[in-house]
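Raw contents of entry-v2.txt, compact mmCIF, C-alpha atoms:
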```
# COMPACT_ATOMS: atom_id res chain seq x y z
CA MET A 89 -20.10 40.39 -1.43
CA GLY A 90 -22.42 37.98 0.28
CA TYR A 91 -23.70 36.01 -2.71
CA THR A 92 -24.03 32.38 -1.79
CA HIS A 93 -24.97 29.80 -4.39
CA PRO A 94 -23.59 26.45 -5.49
CA ILE A 95 -21.36 26.82 -8.54
CA ASP A 96 -23.95 25.37 -10.91
CA GLU A 97 -26.54 27.88 -9.67
CA PHE A 98 -24.31 30.92 -9.26
CA PRO A 99 -25.72 33.84 -11.30
CA ILE A 100 -23.19 34.93 -13.92
CA ASP A 101 -23.90 38.63 -13.30
CA LYS A 102 -23.17 38.20 -9.56
CA TRP A 103 -19.96 36.27 -10.35
CA GLU A 104 -18.80 39.11 -12.58
CA GLU A 105 -19.77 41.75 -9.99
CA VAL A 106 -17.74 40.05 -7.26
CA LEU A 107 -14.70 39.71 -9.52
CA ARG A 108 -14.97 43.33 -10.68
CA ILE A 109 -15.07 44.66 -7.13
CA ASN A 110 -12.63 42.27 -5.45
CA LEU A 111 -10.06 41.68 -8.20
CA THR A 112 -10.45 43.93 -11.22
CA ALA A 113 -10.69 47.18 -9.21
CA PRO A 114 -7.46 46.47 -7.26
CA PHE A 115 -5.76 45.57 -10.55
CA TYR A 116 -6.84 48.89 -12.07
CA LEU A 117 -5.61 50.83 -9.02
CA THR A 118 -2.26 49.06 -9.15
CA ASN A 119 -2.01 49.50 -12.91
CA LEU A 120 -2.76 53.23 -12.69
CA THR A 121 -0.42 54.03 -9.78
CA LEU A 122 2.52 51.66 -10.10
CA ALA A 123 4.51 53.63 -12.66
CA HIS A 124 4.34 56.72 -10.42
CA MET A 125 5.49 54.74 -7.40
CA LYS A 126 8.40 53.22 -9.31
CA LYS A 127 9.40 56.62 -10.67
CA LYS A 128 9.38 58.02 -7.13
CA GLY A 129 11.33 55.00 -5.86
CA TRP A 130 8.84 54.30 -3.09
CA GLY A 131 5.39 52.83 -2.69
CA LYS A 132 3.41 50.51 -0.48
CA ILE A 133 0.57 48.51 -1.97
CA ILE A 134 -1.54 46.72 0.62
CA ASN A 135 -4.30 44.52 -0.73
CA VAL A 136 -7.09 43.46 1.59
CA SER A 137 -7.78 39.83 0.86
CA SER A 138 -9.42 37.29 3.17
CA ILE A 139 -8.86 33.97 4.84
CA PHE A 140 -10.85 32.74 1.86
CA GLY A 141 -7.85 33.70 -0.26
CA LEU A 142 -6.05 30.93 1.63
CA ALA A 143 -8.82 28.33 1.83
CA GLY A 144 -12.00 27.27 0.11
CA GLY A 145 -15.60 27.61 1.14
CA VAL A 146 -18.95 26.14 0.15
CA LYS A 147 -21.32 28.27 -1.94
CA ILE A 148 -18.92 31.24 -2.12
CA SER A 149 -17.06 30.39 -5.32
CA ALA A 150 -16.89 33.96 -6.63
CA TYR A 151 -15.62 35.38 -3.34
CA VAL A 152 -13.03 32.61 -2.86
CA SER A 153 -11.87 32.88 -6.46
CA SER A 154 -11.57 36.66 -6.26
CA LYS A 155 -9.53 36.52 -3.06
CA HIS A 156 -7.23 33.78 -4.39
CA GLY A 157 -6.77 36.00 -7.45
CA MET A 158 -6.01 38.98 -5.20
CA ASN A 159 -3.25 36.97 -3.51
CA GLY A 160 -1.84 36.02 -6.91
CA LEU A 161 -1.93 39.67 -8.02
CA THR A 162 -0.10 40.59 -4.82
CA LYS A 163 2.70 38.10 -5.53
CA VAL A 164 3.07 39.10 -9.18
CA THR A 165 3.17 42.80 -8.26
CA ALA A 166 5.82 42.08 -5.61
CA LEU A 167 8.01 40.19 -8.06
CA GLU A 168 7.62 42.83 -10.76
CA THR A 169 8.64 45.62 -8.39
CA LEU A 170 11.69 44.05 -6.73
CA ASN A 171 14.46 46.61 -6.17
CA THR A 172 12.24 49.57 -7.08
CA GLY A 173 11.36 50.73 -3.56
CA VAL A 174 7.80 49.48 -4.02
CA THR A 175 6.38 46.63 -1.94
CA CYS A 176 3.11 44.76 -2.26
CA ASN A 177 1.54 42.61 0.44
CA ALA A 178 -1.90 41.28 1.29
CA ILE A 179 -3.73 41.18 4.59
CA CYS A 180 -6.11 38.23 5.01
CA PRO A 181 -8.55 38.81 7.86
CA ALA A 182 -11.00 36.29 9.22
CA ALA A 183 -14.45 37.46 10.36
CA VAL A 184 -14.55 41.20 11.05
CA ASP A 185 -17.66 42.95 12.40
CA THR A 186 -18.41 45.10 9.35
CA GLU A 187 -21.62 46.11 7.62
CA SER A 188 -20.92 43.54 4.90
CA PHE A 189 -20.50 40.80 7.51
CA ARG A 190 -23.70 41.81 9.30
CA ASN A 191 -25.62 41.83 5.98
CA PHE A 192 -24.31 38.35 5.23
CA CYS A 193 -25.54 37.17 8.63
CA LYS A 194 -28.97 38.66 8.01
CA THR A 195 -29.50 37.40 4.48
CA ASP A 196 -27.56 34.18 4.09
CA MET A 197 -28.02 32.30 7.34
CA GLY A 198 -31.53 31.03 6.79
CA ASN A 199 -33.97 31.36 9.65
CA LEU A 200 -31.40 31.76 12.40
CA PRO A 201 -31.89 34.81 14.61
CA PHE A 202 -29.31 37.47 13.78
CA GLU A 203 -27.23 37.10 16.97
CA ASP A 204 -27.20 33.30 16.60
CA ALA A 205 -26.10 33.61 12.97
CA LYS A 206 -23.26 35.96 13.94
CA ALA A 207 -22.13 33.67 16.75
CA SER A 208 -22.25 30.63 14.46
CA ILE A 209 -20.12 32.26 11.78
CA VAL A 210 -17.58 33.67 14.23
CA ALA A 211 -17.26 30.26 15.89
CA ALA A 212 -16.68 28.61 12.50
CA LEU A 213 -14.20 31.16 11.13
CA ASN A 214 -12.44 32.54 14.20
CA PRO A 215 -11.30 29.77 16.56
CA SER A 216 -10.55 32.43 19.19
CA GLY A 217 -14.29 33.13 19.27
CA GLN A 218 -13.63 36.83 18.76
CA TYR A 219 -13.85 39.13 15.78
CA VAL A 220 -10.72 40.48 14.16
CA GLU A 221 -10.91 44.18 14.98
CA ILE A 222 -10.74 46.78 12.22
CA GLU A 223 -8.10 48.60 14.29
CA GLN A 224 -5.92 45.47 14.29
CA ILE A 225 -6.02 45.39 10.50
CA GLY A 226 -5.15 49.11 10.43
CA GLU A 227 -2.17 48.59 12.73
CA LEU A 228 -0.89 45.79 10.51
CA ALA A 229 -1.28 48.04 7.46
CA ALA A 230 0.59 50.83 9.27
CA PHE A 231 3.44 48.40 10.02
CA LEU A 232 3.56 47.37 6.34
CA CYS A 233 4.00 51.07 5.47
CA SER A 234 6.88 51.48 7.90
CA PRO A 235 10.60 51.14 7.14
CA ALA A 236 10.60 47.96 9.26
CA ALA A 237 8.64 46.28 6.44
CA ASP A 238 10.79 47.49 3.54
CA GLN A 239 11.94 43.92 2.83
CA MET A 240 8.49 42.40 3.17
CA THR A 241 6.97 42.00 -0.27
CA GLY A 242 4.70 39.39 -1.78
CA THR A 243 3.68 38.30 1.70
CA ILE A 244 0.17 37.02 2.31
CA ILE A 245 -0.50 37.77 5.97
CA PRO A 246 -3.38 36.13 7.81
CA ILE A 247 -4.88 38.06 10.71
CA ASP A 248 -7.22 35.23 11.41
CA ALA A 249 -7.99 34.56 15.08
CA GLY A 250 -6.41 31.11 14.67
CA PHE A 251 -8.17 30.04 11.43
CA CYS A 252 -4.98 28.93 9.64
CA ALA A 253 -3.76 27.04 12.71
CA LYS A 254 -6.62 24.53 12.43
```

Using the file provided, produce a representation of the structure as structure tokens.
Amino acid sequence: MGYTHPIDEFPIDKWEEVLRINLTAPFYLTNLTLAHMKKKGWGKIINVSSIFGLAGGVKISAYVSSKHGMNGLTKVTALETLNTGVTCNAICPAAVDTESFRNFCKTDMGNLPFEDAKASIVAALNPSGQYVEIEQIGELAAFLCSPAADQMTGTIIPIDAGFCAK
């Protein structure tokens, strides 16, 4: 959702699109499946948030707001499902080399050459200088689905290449 505009110039339709995709859709999925999980006595809800659910950012008000909302939804879901066998956690990755990230680099980084734009963003978001790998996020999600994580709920977990340590 690479829409970048100052708040006073942010198109309302783009704001609503970002919130629908990043917050309303996960709410609907939770709403439609939670009763079944509780009835079964087991369920693992893993929301994919972002480091921007933990921090702010310039010209990305819709994205930041949607990810902060996602983290709030995660915590509310966790509290409402205590002692039901259902857990809800959120994973907050920093920069990951995805199609969405590459599109953002191409369209929102001005006249910078693509590779320079990517390097600039990774340097700013990932102090390690490396992308968070999709497989690392998958492994964390697999752990959250394991019995070892049965008492983890409402946790907002950064996988951030050092971003939160700054």

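Distances from A:Ile244, A:Met158, A:Val136, A:Leu122 to Leu107 of chain A were compared using all atoms listed in the file, and the smallest one belongs to A:Met158.
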
Provide the atom CA of Ser188 of chain A to atom CA of Tyr91 of chain A distance in Å, to one decimal place.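 Computing it gives 11.1 Å between the two atoms.
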
Using all atoms listed in the file and a cutoff of 7 Å, can you tell me which residues are near (-9.5, 33.6, 4.4) in the file's coordinates, and write them out as a count of residues only? 9

Best match for closeness to Val220 of chain A among A:Val106, A:Ala123, A:Val164, A:Ala249, counting all atoms listed in the file: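 Among the listed residues, A:Ala249 lies closest to Val220 of chain A.
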
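For the choices A:Glu221, A:Glu97, A:Glu227, A:Glu105, the atom-to-atom distance to Asp248 of chain A is smallest for A:Glu221 when using only C-alpha atoms.
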
For segment 230-243 of chain A, find every residue with an atom within 7 Å (counting only C-alpha atoms), except residues of its own chain fewer than 6 positions away, and show them as number ranges by chain. A: 132, 162-163, 166, 175-178

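The spacing separating atom CA of His93 of chain A from atom CA of Ser149 of chain A amounts to 8.0 Å.
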
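Coordinates place atom CA of Gly226 of chain A at a distance of 11.1 Å from atom CA of Ile247 of chain A.
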
Option closest in space to Ile95 of chain A, from A:Gly145, A:Gly217, A:Gly131, A:Pro246 [counting only C-alpha atoms]: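 When distances to Ile95 of chain A are compared using only C-alpha atoms, the smallest one comes from A:Gly145.
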
Skipping near chain neighbours, those fewer than 6 positions away, what residues fall within 12 Å of segment 200-206 of chain A using all atoms listed in the file, listed as a ChimeraX atom specification? /A:183-186,189-194,212-214,217-219
